[in-house]
>>> print(open('entry_26.cif').read())   # mmCIF, C-alpha atoms
data_run
#
loop_
_atom_site.group_PDB
_atom_site.id
_atom_site.type_symbol
_atom_site.label_atom_id
_atom_site.label_comp_id
_atom_site.auth_asym_id
_atom_site.auth_seq_id
_atom_site.Cartn_x
_atom_site.Cartn_y
_atom_site.Cartn_z
ATOM 1 C CA MET S 1 106.834 120.632 111.944
ATOM 2 C CA GLN S 2 104.908 118.058 109.923
ATOM 3 C CA ARG S 3 101.825 119.389 108.146
ATOM 4 C CA VAL S 4 98.769 117.183 108.697
ATOM 5 C CA PRO S 5 96.522 116.975 105.634
ATOM 6 C CA ASN S 6 92.841 117.735 106.166
ATOM 7 C CA ALA S 7 90.678 114.681 106.688
ATOM 8 C CA ILE S 8 88.804 113.586 103.579
ATOM 9 C CA GLN S 9 85.175 112.517 103.870
ATOM 10 C CA PHE S 10 85.210 108.849 102.885
ATOM 11 C CA THR S 11 81.687 108.802 101.453
ATOM 12 C CA THR S 12 82.588 111.451 98.853
ATOM 13 C CA LEU S 13 85.233 109.250 97.201
ATOM 14 C CA ASP S 14 84.491 107.330 94.021
ATOM 15 C CA PRO S 15 86.334 104.085 93.147
ATOM 16 C CA ASP S 16 88.936 105.806 90.959
ATOM 17 C CA GLU S 17 89.752 108.310 93.706
ATOM 18 C CA LEU S 18 90.261 105.474 96.188
ATOM 19 C CA VAL S 19 92.630 103.760 93.763
ATOM 20 C CA ARG S 20 94.597 106.992 93.407
ATOM 21 C CA LEU S 21 94.895 107.355 97.180
ATOM 22 C CA TYR S 22 96.240 103.807 97.642
ATOM 23 C CA THR S 23 98.355 103.278 94.521
ATOM 24 C CA TYR S 24 101.885 101.951 95.127
ATOM 25 C CA PRO S 25 104.848 104.082 94.004
ATOM 26 C CA ALA S 26 105.493 103.906 90.264
ATOM 27 C CA ALA S 27 108.384 102.005 88.658
ATOM 28 C CA LEU S 28 109.340 99.930 91.695
ATOM 29 C CA GLU S 29 112.721 98.193 91.433
ATOM 30 C CA SER S 30 112.565 96.371 94.787
ATOM 31 C CA PRO S 31 109.753 95.207 97.089
ATOM 32 C CA TRP S 32 107.659 97.923 98.734
ATOM 33 C CA PHE S 33 106.232 96.689 102.046
ATOM 34 C CA ARG S 34 102.765 98.039 102.782
ATOM 35 C CA VAL S 35 101.269 96.895 106.087
ATOM 36 C CA ASN S 36 97.512 96.940 106.731
ATOM 37 C CA PHE S 37 96.019 96.749 110.231
ATOM 38 C CA VAL S 38 92.862 97.738 112.076
ATOM 39 C CA THR S 39 92.672 98.737 115.753
ATOM 40 C CA SER S 40 90.103 100.015 118.211
ATOM 41 C CA ILE S 41 90.396 103.565 119.559
ATOM 42 C CA ASP S 42 91.947 102.141 122.730
ATOM 43 C CA GLY S 43 94.601 100.297 120.706
ATOM 44 C CA ALA S 44 93.249 96.727 120.633
ATOM 45 C CA ALA S 45 94.357 94.809 117.543
ATOM 46 C CA THR S 46 91.863 91.956 118.013
ATOM 47 C CA VAL S 47 88.621 90.982 119.713
ATOM 48 C CA ASP S 48 88.763 87.482 121.191
ATOM 49 C CA GLY S 49 91.917 86.789 119.193
ATOM 50 C CA ARG S 50 90.644 87.892 115.788
ATOM 51 C CA SER S 51 90.681 91.224 113.972
ATOM 52 C CA GLY S 52 87.455 90.742 112.000
ATOM 53 C CA ALA S 53 85.188 92.179 114.695
ATOM 54 C CA LEU S 54 87.012 95.517 114.410
ATOM 55 C CA GLY S 55 86.057 95.961 110.759
ATOM 56 C CA SER S 56 83.608 98.598 109.530
ATOM 57 C CA PRO S 57 81.898 99.250 106.170
ATOM 58 C CA ALA S 58 84.691 101.641 105.151
ATOM 59 C CA ASP S 59 87.391 99.157 106.154
ATOM 60 C CA HIS S 60 85.561 96.402 104.268
ATOM 61 C CA ARG S 61 85.610 98.592 101.156
ATOM 62 C CA VAL S 62 89.323 99.425 101.326
ATOM 63 C CA PHE S 63 90.536 95.952 102.359
ATOM 64 C CA PRO S 64 89.763 94.268 98.998
ATOM 65 C CA LEU S 65 91.185 97.243 97.089
ATOM 66 C CA LEU S 66 94.520 96.841 98.878
ATOM 67 C CA ARG S 67 94.520 93.165 97.880
ATOM 68 C CA ASP S 68 93.644 94.019 94.278
ATOM 69 C CA LEU S 69 96.600 96.418 94.097
ATOM 70 C CA ALA S 70 99.102 93.925 95.546
ATOM 71 C CA ASP S 71 101.379 91.358 93.908
ATOM 72 C CA VAL S 72 101.514 89.216 97.048
ATOM 73 C CA ILE S 73 99.869 89.084 100.487
ATOM 74 C CA LEU S 74 102.344 88.427 103.290
ATOM 75 C CA VAL S 75 101.199 87.010 106.618
ATOM 76 C CA GLY S 76 102.672 85.293 109.641
ATOM 77 C CA ALA S 77 101.704 81.696 110.374
ATOM 78 C CA GLY S 78 100.024 82.599 113.680
ATOM 79 C CA THR S 79 97.707 85.053 111.967
ATOM 80 C CA ALA S 80 96.992 82.622 109.126
ATOM 81 C CA ARG S 81 95.898 80.053 111.712
ATOM 82 C CA ALA S 82 93.954 82.447 113.976
ATOM 83 C CA GLU S 83 92.100 84.117 111.113
ATOM 84 C CA ASN S 84 91.546 80.826 109.225
ATOM 85 C CA TYR S 85 93.095 82.201 106.057
ATOM 86 C CA GLY S 86 92.037 80.951 102.676
ATOM 87 C CA GLY S 87 93.198 82.177 99.310
ATOM 88 C CA ALA S 88 92.595 85.824 98.429
ATOM 89 C CA ARG S 89 89.245 86.714 96.893
ATOM 90 C CA THR S 90 89.683 89.670 94.560
ATOM 91 C CA ASP S 91 87.861 91.490 91.757
ATOM 92 C CA ALA S 92 89.158 89.996 88.496
ATOM 93 C CA HIS S 93 87.922 92.916 86.390
ATOM 94 C CA ARG S 94 89.575 95.465 88.676
ATOM 95 C CA ARG S 95 92.785 93.426 88.733
ATOM 96 C CA LEU S 96 92.818 93.448 84.923
ATOM 97 C CA ARG S 97 92.103 97.187 84.788
ATOM 98 C CA LEU S 98 94.810 97.987 87.332
ATOM 99 C CA HIS S 99 97.325 95.937 85.374
ATOM 100 C CA HIS S 100 96.359 97.698 82.131
ATOM 101 C CA HIS S 101 97.140 101.038 83.781
ATOM 102 C CA GLY S 102 100.368 99.817 85.392
ATOM 103 C CA LEU S 103 99.001 100.109 88.908
ATOM 104 C CA GLY S 104 99.209 96.508 90.080
ATOM 105 C CA GLY S 105 96.639 93.808 89.558
ATOM 106 C CA SER S 106 97.492 90.941 87.236
ATOM 107 C CA PRO S 107 97.462 90.326 83.453
ATOM 108 C CA ASP S 108 94.859 87.560 83.748
ATOM 109 C CA GLY S 109 92.835 88.899 86.669
ATOM 110 C CA THR S 110 93.995 86.189 89.070
ATOM 111 C CA PRO S 111 94.345 87.083 92.769
ATOM 112 C CA PRO S 112 97.708 87.533 94.475
ATOM 113 C CA PRO S 113 99.169 84.515 96.273
ATOM 114 C CA ILE S 114 99.288 84.317 100.065
ATOM 115 C CA ALA S 115 102.880 84.083 101.346
ATOM 116 C CA VAL S 116 103.116 82.661 104.863
ATOM 117 C CA VAL S 117 106.173 83.149 107.059
ATOM 118 C CA THR S 118 106.810 80.134 109.299
ATOM 119 C CA ALA S 119 110.215 79.053 110.557
ATOM 120 C CA SER S 120 108.836 75.668 111.624
ATOM 121 C CA ALA S 121 106.457 74.981 108.683
ATOM 122 C CA ALA S 122 103.759 74.352 111.299
ATOM 123 C CA LEU S 123 100.701 74.655 109.087
ATOM 124 C CA ASP S 124 97.808 72.273 108.530
ATOM 125 C CA PRO S 125 97.773 71.054 104.897
ATOM 126 C CA ALA S 126 94.030 70.445 105.271
ATOM 127 C CA SER S 127 93.325 74.078 106.207
ATOM 128 C CA ARG S 128 91.598 76.631 103.955
ATOM 129 C CA LEU S 129 94.981 78.094 103.036
ATOM 130 C CA PHE S 130 95.509 75.017 100.844
ATOM 131 C CA THR S 131 91.975 73.808 100.110
ATOM 132 C CA ASP S 132 90.108 77.091 99.479
ATOM 133 C CA THR S 133 92.293 78.965 97.017
ATOM 134 C CA THR S 134 92.835 79.528 93.308
ATOM 135 C CA ARG S 135 96.537 80.321 93.777
ATOM 136 C CA PRO S 136 98.975 77.999 95.566
ATOM 137 C CA PRO S 137 100.364 79.645 98.698
ATOM 138 C CA LEU S 138 104.046 80.422 99.129
ATOM 139 C CA ILE S 139 105.504 79.023 102.339
ATOM 140 C CA LEU S 140 108.589 80.958 103.460
ATOM 141 C CA THR S 141 110.364 78.640 105.865
ATOM 142 C CA THR S 142 113.754 77.289 106.932
ATOM 143 C CA ALA S 143 116.122 74.428 106.245
ATOM 144 C CA ALA S 144 115.715 73.407 109.904
ATOM 145 C CA ALA S 145 111.932 72.941 109.663
ATOM 146 C CA PRO S 146 110.911 69.262 109.814
ATOM 147 C CA ALA S 147 111.172 67.679 106.379
ATOM 148 C CA ASP S 148 107.895 65.770 106.782
ATOM 149 C CA ARG S 149 106.004 69.012 107.409
ATOM 150 C CA LYS S 150 107.498 70.654 104.325
ATOM 151 C CA ARG S 151 106.759 67.591 102.243
ATOM 152 C CA ALA S 152 103.116 67.576 103.416
ATOM 153 C CA LEU S 153 102.710 71.243 102.472
ATOM 154 C CA THR S 154 104.254 70.628 99.067
ATOM 155 C CA ASP S 155 101.914 67.669 98.539
ATOM 156 C CA ALA S 156 99.007 69.981 99.422
ATOM 157 C CA GLY S 157 99.991 72.232 96.508
ATOM 158 C CA ALA S 158 102.112 74.900 98.179
ATOM 159 C CA GLU S 159 105.411 76.239 96.885
ATOM 160 C CA VAL S 160 107.721 75.737 99.854
ATOM 161 C CA LEU S 161 110.803 77.967 99.916
ATOM 162 C CA GLU S 162 113.664 77.394 102.352
ATOM 163 C CA ILE S 163 114.909 80.959 102.654
ATOM 164 C CA GLY S 164 116.710 80.731 106.009
ATOM 165 C CA ASP S 165 118.690 78.242 108.066
ATOM 166 C CA ASP S 166 116.711 78.240 111.323
ATOM 167 C CA THR S 167 114.985 81.649 111.229
ATOM 168 C CA VAL S 168 113.322 83.763 108.556
ATOM 169 C CA THR S 169 114.529 87.361 108.431
ATOM 170 C CA ALA S 170 113.038 90.417 106.778
ATOM 171 C CA ALA S 171 115.995 90.587 104.389
ATOM 172 C CA GLN S 172 115.431 86.973 103.325
ATOM 173 C CA ILE S 173 111.717 87.643 102.765
ATOM 174 C CA ARG S 174 112.555 90.685 100.648
ATOM 175 C CA THR S 175 115.073 88.718 98.558
ATOM 176 C CA ALA S 176 112.667 85.807 97.992
ATOM 177 C CA LEU S 177 109.813 88.073 96.884
ATOM 178 C CA ALA S 178 112.057 90.184 94.664
ATOM 179 C CA ALA S 179 113.331 87.055 92.898
ATOM 180 C CA ARG S 180 109.749 86.274 91.876
ATOM 181 C CA GLY S 181 108.948 89.821 90.784
ATOM 182 C CA LEU S 182 106.521 90.294 93.681
ATOM 183 C CA LEU S 183 107.240 93.937 94.419
ATOM 184 C CA ARG S 184 103.900 95.290 95.655
ATOM 185 C CA VAL S 185 103.805 93.573 99.042
ATOM 186 C CA LEU S 186 100.754 93.759 101.300
ATOM 187 C CA CYS S 187 101.465 92.521 104.832
ATOM 188 C CA GLU S 188 98.357 91.699 106.864
ATOM 189 C CA GLY S 189 100.021 90.670 110.118
ATOM 190 C CA GLY S 190 100.510 89.566 112.642
ATOM 191 C CA PRO S 191 102.157 91.573 115.425
ATOM 192 C CA SER S 192 105.367 89.525 115.584
ATOM 193 C CA LEU S 193 105.907 89.737 111.830
ATOM 194 C CA LEU S 194 105.257 93.492 111.846
ATOM 195 C CA GLY S 195 107.619 93.885 114.801
ATOM 196 C CA SER S 196 110.383 92.092 112.911
ATOM 197 C CA LEU S 197 109.790 94.227 109.813
ATOM 198 C CA ILE S 198 109.976 97.415 111.902
ATOM 199 C CA ALA S 199 113.185 96.228 113.566
ATOM 200 C CA ALA S 200 114.705 95.581 110.136
ATOM 201 C CA GLU S 201 113.562 99.004 108.849
ATOM 202 C CA THR S 202 111.580 97.231 106.140
ATOM 203 C CA VAL S 203 108.133 98.815 106.611
ATOM 204 C CA ASP S 204 107.668 101.356 103.839
ATOM 205 C CA GLU S 205 104.039 102.132 104.536
ATOM 206 C CA LEU S 206 101.306 101.530 107.116
ATOM 207 C CA CYS S 207 97.600 101.617 106.319
ATOM 208 C CA LEU S 208 95.902 101.833 109.720
ATOM 209 C CA THR S 209 92.145 101.800 110.228
ATOM 210 C CA VAL S 210 90.933 103.057 113.604
ATOM 211 C CA SER S 211 87.555 101.550 114.444
ATOM 212 C CA PRO S 212 85.201 103.613 116.675
ATOM 213 C CA LEU S 213 85.134 101.003 119.429
ATOM 214 C CA LEU S 214 86.452 100.706 122.973
ATOM 215 C CA ILE S 215 87.494 97.100 123.618
ATOM 216 C CA GLY S 216 89.407 96.820 126.888
ATOM 217 C CA GLY S 217 90.392 93.255 127.698
ATOM 218 C CA THR S 218 93.877 91.888 127.126
ATOM 219 C CA ALA S 219 94.206 92.319 123.364
ATOM 220 C CA GLY S 220 97.708 93.175 122.155
ATOM 221 C CA ARG S 221 99.068 95.886 119.899
ATOM 222 C CA ILE S 222 99.587 95.671 116.143
ATOM 223 C CA ALA S 223 103.376 95.228 116.551
ATOM 224 C CA VAL S 224 105.503 93.324 119.054
ATOM 225 C CA SER S 225 109.305 93.022 119.138
ATOM 226 C CA PRO S 226 112.049 92.604 121.774
ATOM 227 C CA ASN S 227 113.386 96.109 121.214
ATOM 228 C CA ALA S 228 111.820 99.435 120.292
ATOM 229 C CA LEU S 229 112.893 101.200 117.101
ATOM 230 C CA PRO S 230 111.164 104.597 116.791
ATOM 231 C CA THR S 231 110.525 105.118 113.079
ATOM 232 C CA PRO S 232 109.388 108.541 111.800
ATOM 233 C CA MET S 233 106.356 108.297 109.530
ATOM 234 C CA THR S 234 104.622 110.880 107.340
ATOM 235 C CA LEU S 235 100.832 111.037 107.154
ATOM 236 C CA ARG S 236 99.697 110.785 103.528
ATOM 237 C CA HIS S 237 95.955 110.857 104.093
ATOM 238 C CA ALA S 238 93.210 110.460 106.686
ATOM 239 C CA LEU S 239 89.751 109.372 105.533
ATOM 240 C CA LEU S 240 86.795 109.883 107.869
ATOM 241 C CA ASP S 241 83.620 107.841 107.505
ATOM 242 C CA ASP S 242 80.220 108.849 108.869
ATOM 243 C CA ASP S 243 80.368 106.231 111.652
ATOM 244 C CA GLY S 244 83.652 107.637 113.002
ATOM 245 C CA THR S 245 85.992 105.147 111.337
ATOM 246 C CA ILE S 246 89.314 106.766 110.412
ATOM 247 C CA LEU S 247 91.458 105.263 107.666
ATOM 248 C CA THR S 248 95.016 106.563 107.621
ATOM 249 C CA ARG S 249 97.958 105.958 105.325
ATOM 250 C CA TRP S 250 101.513 106.595 106.563
ATOM 251 C CA GLU S 251 104.850 106.391 104.738
ATOM 252 C CA ARG S 252 108.267 105.919 106.269
ATOM 253 C CA SER S 253 109.601 109.483 106.147
ATOM 254 C CA HIS S 254 112.938 108.898 104.420
ATOM 255 C CA THR S 255 111.315 106.784 101.669
ATOM 256 C CA ALA S 256 108.294 108.968 101.096
ATOM 257 C CA CYS S 257 107.823 110.686 97.784
#
>>> encode(input="entry_26.cif", output="structure tokens")
Amino acid sequence: MQRVPNAIQFTTLDPDELVRLYTYPAALESPWFRVNFVTSIDGAATVDGRSGALGSPADHRVFPLLRDLADVILVGAGTARAENYGGARTDAHRRLRLHHHGLGGSPDGTPPPIAVVTASAALDPASRLFTDTTRPPLILTTAAAPADRKRALTDAGAEVLEIGDDTVTAAQIRTALAARGLLRVLCEGGPSLLGSLIAAETVDELCLTVSPLLIGGTAGRIAVSPNALPTPMTLRHALLDDDGTILTRWERSHTAC
């Protein structure tokens, strides 16, 4: 029987304690895929197509920390479009401090790049992803994607990587990120990308915030895939904020420390 750790009161945690709770495993030799999502208590992953309305003060405090710890932020093209993604905004001083202690960050304080998965390269080169960023995005696409689209994204400043023939698989994503030394991976969605990572047994960790809201409506779940693949997970912590927000961190059981 799995032992469930006692919930920790979120407001009692100082910044260093939060870092300790969310630090990636030490001495990584291959990419570690951390996924971060927020849902309502009735399981809605979005409100009117976007996840922002589900956020809470506690979630807004942890979200930038997860980005500061990461080497790269991975996202599906649909989520990048729906959420109007721009480049990551991170704390340069914290990034430098994390790097100094071997916990992530970057040697010059720069934010992690956004890596977008899109088999068709269907992104707008005039969008914030390309125009509102200090780091060029990585576009993980296919040889079959239209050449004019890839050329337009390259002209907009992106690094376009053809990592598949006509689809992009989890294994190809892992190989491409590993080749660039991007081992601390933070995946921010969307449901189809998470579903494909689950199906490929690539999700090492899930950070799930449960917002104290009932949504109803037709909003989907955090993961969607053609076939179910039950994956045992181990609860590493549960943080409880005063407003009822619960922030949990789960590790895939056979990879957990």
>>> closest_residue(input="entry_26.cif", among="S:Arg67, S:Arg50, S:Arg151, S:Arg34", to="S:Ala80", atoms="all atoms listed in the file")
S:Arg50
>>> residues_around(input="entry_26.cif", residues="S:Pro64", least_positions_apart="4", cutoff="10 Å", atoms="all atoms listed in the file", output="NGL selection string")
:S and (59-60 or 68-70 or 88-91)
>>> residues_near_point(input="entry_26.cif", point="(97.2, 70.7, 98.0)", cutoff="6 Å", atoms="only C-alpha atoms", output="JSON, numbers by chain")
{"S": [130, 155, 156, 157]}
>>> atom_distance(input="entry_26.cif", atom1="atom CA of S:Gly78", atom2="atom CA of S:Phe33")
19.3 Å
>>> resolve_selection(input="entry_26.cif", expression="the PyMOL selection byres ((chain S and resi 216) around 12)", output="NGL selection string")
:S and (39-48 or 213-215 or 217-221)
>>> write_last_selection(input="entry_26.cif", atoms="C-alpha atoms", output="PDB file, keeping the file's coordinate frame")
ATOM      1  CA  THR S  39      92.672  98.737 115.753  1.00  0.00           C
ATOM      2  CA  SER S  40      90.103 100.015 118.211  1.00  0.00           C
ATOM      3  CA  ILE S  41      90.396 103.565 119.559  1.00  0.00           C
ATOM      4  CA  ASP S  42      91.947 102.141 122.730  1.00  0.00           C
ATOM      5  CA  GLY S  43      94.601 100.297 120.706  1.00  0.00           C
ATOM      6  CA  ALA S  44      93.249  96.727 120.633  1.00  0.00           C
ATOM      7  CA  ALA S  45      94.357  94.809 117.543  1.00  0.00           C
ATOM      8  CA  THR S  46      91.863  91.956 118.013  1.00  0.00           C
ATOM      9  CA  VAL S  47      88.621  90.982 119.713  1.00  0.00           C
ATOM     10  CA  ASP S  48      88.763  87.482 121.191  1.00  0.00           C
ATOM     11  CA  LEU S 213      85.134 101.003 119.429  1.00  0.00           C
ATOM     12  CA  LEU S 214      86.452 100.706 122.973  1.00  0.00           C
ATOM     13  CA  ILE S 215      87.494  97.100 123.618  1.00  0.00           C
ATOM     14  CA  GLY S 217      90.392  93.255 127.698  1.00  0.00           C
ATOM     15  CA  THR S 218      93.877  91.888 127.126  1.00  0.00           C
ATOM     16  CA  ALA S 219      94.206  92.319 123.364  1.00  0.00           C
ATOM     17  CA  GLY S 220      97.708  93.175 122.155  1.00  0.00           C
ATOM     18  CA  ARG S 221      99.068  95.886 119.899  1.00  0.00           C
TER      19      ARG S 221
END
>>> atom_distance(input="entry_26.cif", atom1="atom CA of S:Asp166", atom2="atom CA of S:Gly49")
27.4 Å
>>> resolve_selection(input="entry_26.cif", expression="the PyMOL selection byres ((chain S and resi 245) around 7)", output="JSON, numbers by chain")
{"S": [210, 211, 212, 240, 241, 243, 244, 246, 247]}
>>> closest_residue(input="entry_26.cif", among="S:Ala228, S:Ile198, S:Val116, S:Leu235", to="S:Ala171", atoms="all atoms listed in the file")
S:Ile198
>>> atom_distance(input="entry_26.cif", atom1="atom CA of S:Thr12", atom2="atom CA of S:Glu251")
23.6 Å
>>> residues_around(input="entry_26.cif", residues="S:Arg135", least_positions_apart="3", cutoff="9 Å", atoms="all atoms listed in the file", output="compact mmCIF listing (two decimals) with C-alpha atoms, keeping the file's coordinate frame")
# COMPACT_ATOMS: atom_id res chain seq x y z
CA GLY S 87 93.20 82.18 99.31
CA ALA S 88 92.60 85.82 98.43
CA THR S 110 94.00 86.19 89.07
CA PRO S 111 94.34 87.08 92.77
CA PRO S 112 97.71 87.53 94.48
CA PRO S 113 99.17 84.52 96.27
CA ILE S 114 99.29 84.32 100.06
CA PHE S 130 95.51 75.02 100.84
CA ALA S 158 102.11 74.90 98.18
>>> residues_around(input="entry_26.cif", residues="S:Leu193", least_positions_apart="3", cutoff="6 Å", atoms="only C-alpha atoms", output="PyMOL selection string")
chain S and resi 76+190+196
>>> resolve_selection(input="entry_26.cif", expression="the PyMOL selection byres ((chain S and resi 150) around 9)", output="list in words")
Ser120, Ala121, Ala122, Ile139, Thr141, Ala145, Pro146, Ala147, Asp148, Arg149, Arg151, Ala152, Leu153, Thr154, Asp155 and Val160 of chain S
>>> axis_aligned_box(input="entry_26.cif", around="stretch 19-37 of chain S", padding_each_side="6 Å", output="JSON")
{"center_x": 102.7, "center_y": 101.3, "center_z": 99.4, "size_x": 32.1, "size_y": 24.1, "size_z": 33.6}
>>> closest_residue(input="entry_26.cif", among="S:Glu29, S:Glu188, S:Glu83, S:Asp71", to="S:Leu129", atoms="only C-alpha atoms")
S:Glu83
>>> decode(input="entry_26.cif", residues="stretch 123-141 of chain S", atoms="N, CA, C and O atoms", output="tab-separated table (two decimals), in the first residue's frame")
chain	number	residue	atom	x	y	z
S	123	LEU	N	2.43	27.32	-37.69
S	123	LEU	CA	2.56	28.39	-36.71
S	123	LEU	C	2.67	29.72	-37.44
S	123	LEU	O	3.19	29.79	-38.55
S	124	ASP	N	2.20	30.77	-36.76
S	124	ASP	CA	2.23	32.10	-37.36
S	124	ASP	C	3.56	32.78	-37.02
S	124	ASP	O	3.83	33.05	-35.85
S	125	PRO	N	4.41	33.06	-37.99
S	125	PRO	CA	5.70	33.70	-37.70
S	125	PRO	C	5.57	35.11	-37.14
S	125	PRO	O	6.55	35.67	-36.64
S	126	ALA	N	4.37	35.68	-37.19
S	126	ALA	CA	4.14	37.01	-36.61
S	126	ALA	C	3.59	36.92	-35.19
S	126	ALA	O	3.32	37.96	-34.58
S	127	SER	N	3.44	35.72	-34.65
S	127	SER	CA	2.88	35.56	-33.32
S	127	SER	C	3.92	35.88	-32.25
S	127	SER	O	5.12	36.01	-32.52
S	128	ARG	N	3.47	35.98	-30.99
S	128	ARG	CA	4.33	36.34	-29.87
S	128	ARG	C	5.46	35.33	-29.67
S	128	ARG	O	6.51	35.67	-29.13
S	129	LEU	N	5.23	34.09	-30.09
S	129	LEU	CA	6.25	33.07	-29.95
S	129	LEU	C	7.56	33.49	-30.61
S	129	LEU	O	8.65	33.14	-30.14
S	130	PHE	N	7.45	34.28	-31.68
S	130	PHE	CA	8.62	34.72	-32.44
S	130	PHE	C	8.97	36.19	-32.21
S	130	PHE	O	10.13	36.57	-32.36
S	131	THR	N	7.97	37.00	-31.85
S	131	THR	CA	8.20	38.44	-31.75
S	131	THR	C	8.39	38.93	-30.33
S	131	THR	O	8.89	40.04	-30.11
S	132	ASP	N	7.98	38.14	-29.33
S	132	ASP	CA	8.05	38.55	-27.93
S	132	ASP	C	8.87	37.53	-27.15
S	132	ASP	O	8.35	36.78	-26.32
S	133	THR	N	10.15	37.48	-27.43
S	133	THR	CA	11.01	36.48	-26.81
S	133	THR	C	12.47	36.94	-26.84
S	133	THR	O	12.86	37.70	-27.73
S	134	THR	N	13.23	36.49	-25.84
S	134	THR	CA	14.67	36.74	-25.84
S	134	THR	C	15.46	35.52	-26.28
S	134	THR	O	16.67	35.61	-26.48
S	135	ARG	N	14.78	34.38	-26.43
S	135	ARG	CA	15.41	33.16	-26.91
S	135	ARG	C	14.65	32.65	-28.13
S	135	ARG	O	13.43	32.53	-28.09
S	136	PRO	N	15.32	32.34	-29.22
S	136	PRO	CA	14.62	31.79	-30.38
S	136	PRO	C	13.94	30.48	-30.02
S	136	PRO	O	14.52	29.64	-29.31
S	137	PRO	N	12.70	30.27	-30.46
S	137	PRO	CA	12.05	29.00	-30.19
S	137	PRO	C	12.64	27.86	-31.02
S	137	PRO	O	13.23	28.10	-32.08
S	138	LEU	N	12.49	26.65	-30.50
S	138	LEU	CA	12.82	25.45	-31.26
S	138	LEU	C	11.52	24.90	-31.84
S	138	LEU	O	10.54	24.72	-31.11
S	139	ILE	N	11.50	24.64	-33.11
S	139	ILE	CA	10.32	24.07	-33.76
S	139	ILE	C	10.65	22.63	-34.12
S	139	ILE	O	11.52	22.37	-34.96
S	140	LEU	N	9.97	21.68	-33.46
S	140	LEU	CA	10.20	20.26	-33.69
S	140	LEU	C	9.15	19.76	-34.67
S	140	LEU	O	7.98	19.59	-34.32
S	141	THR	N	9.56	19.55	-35.91
S	141	THR	CA	8.61	19.28	-36.97
S	141	THR	C	9.08	18.11	-37.83
S	141	THR	O	9.93	17.31	-37.40
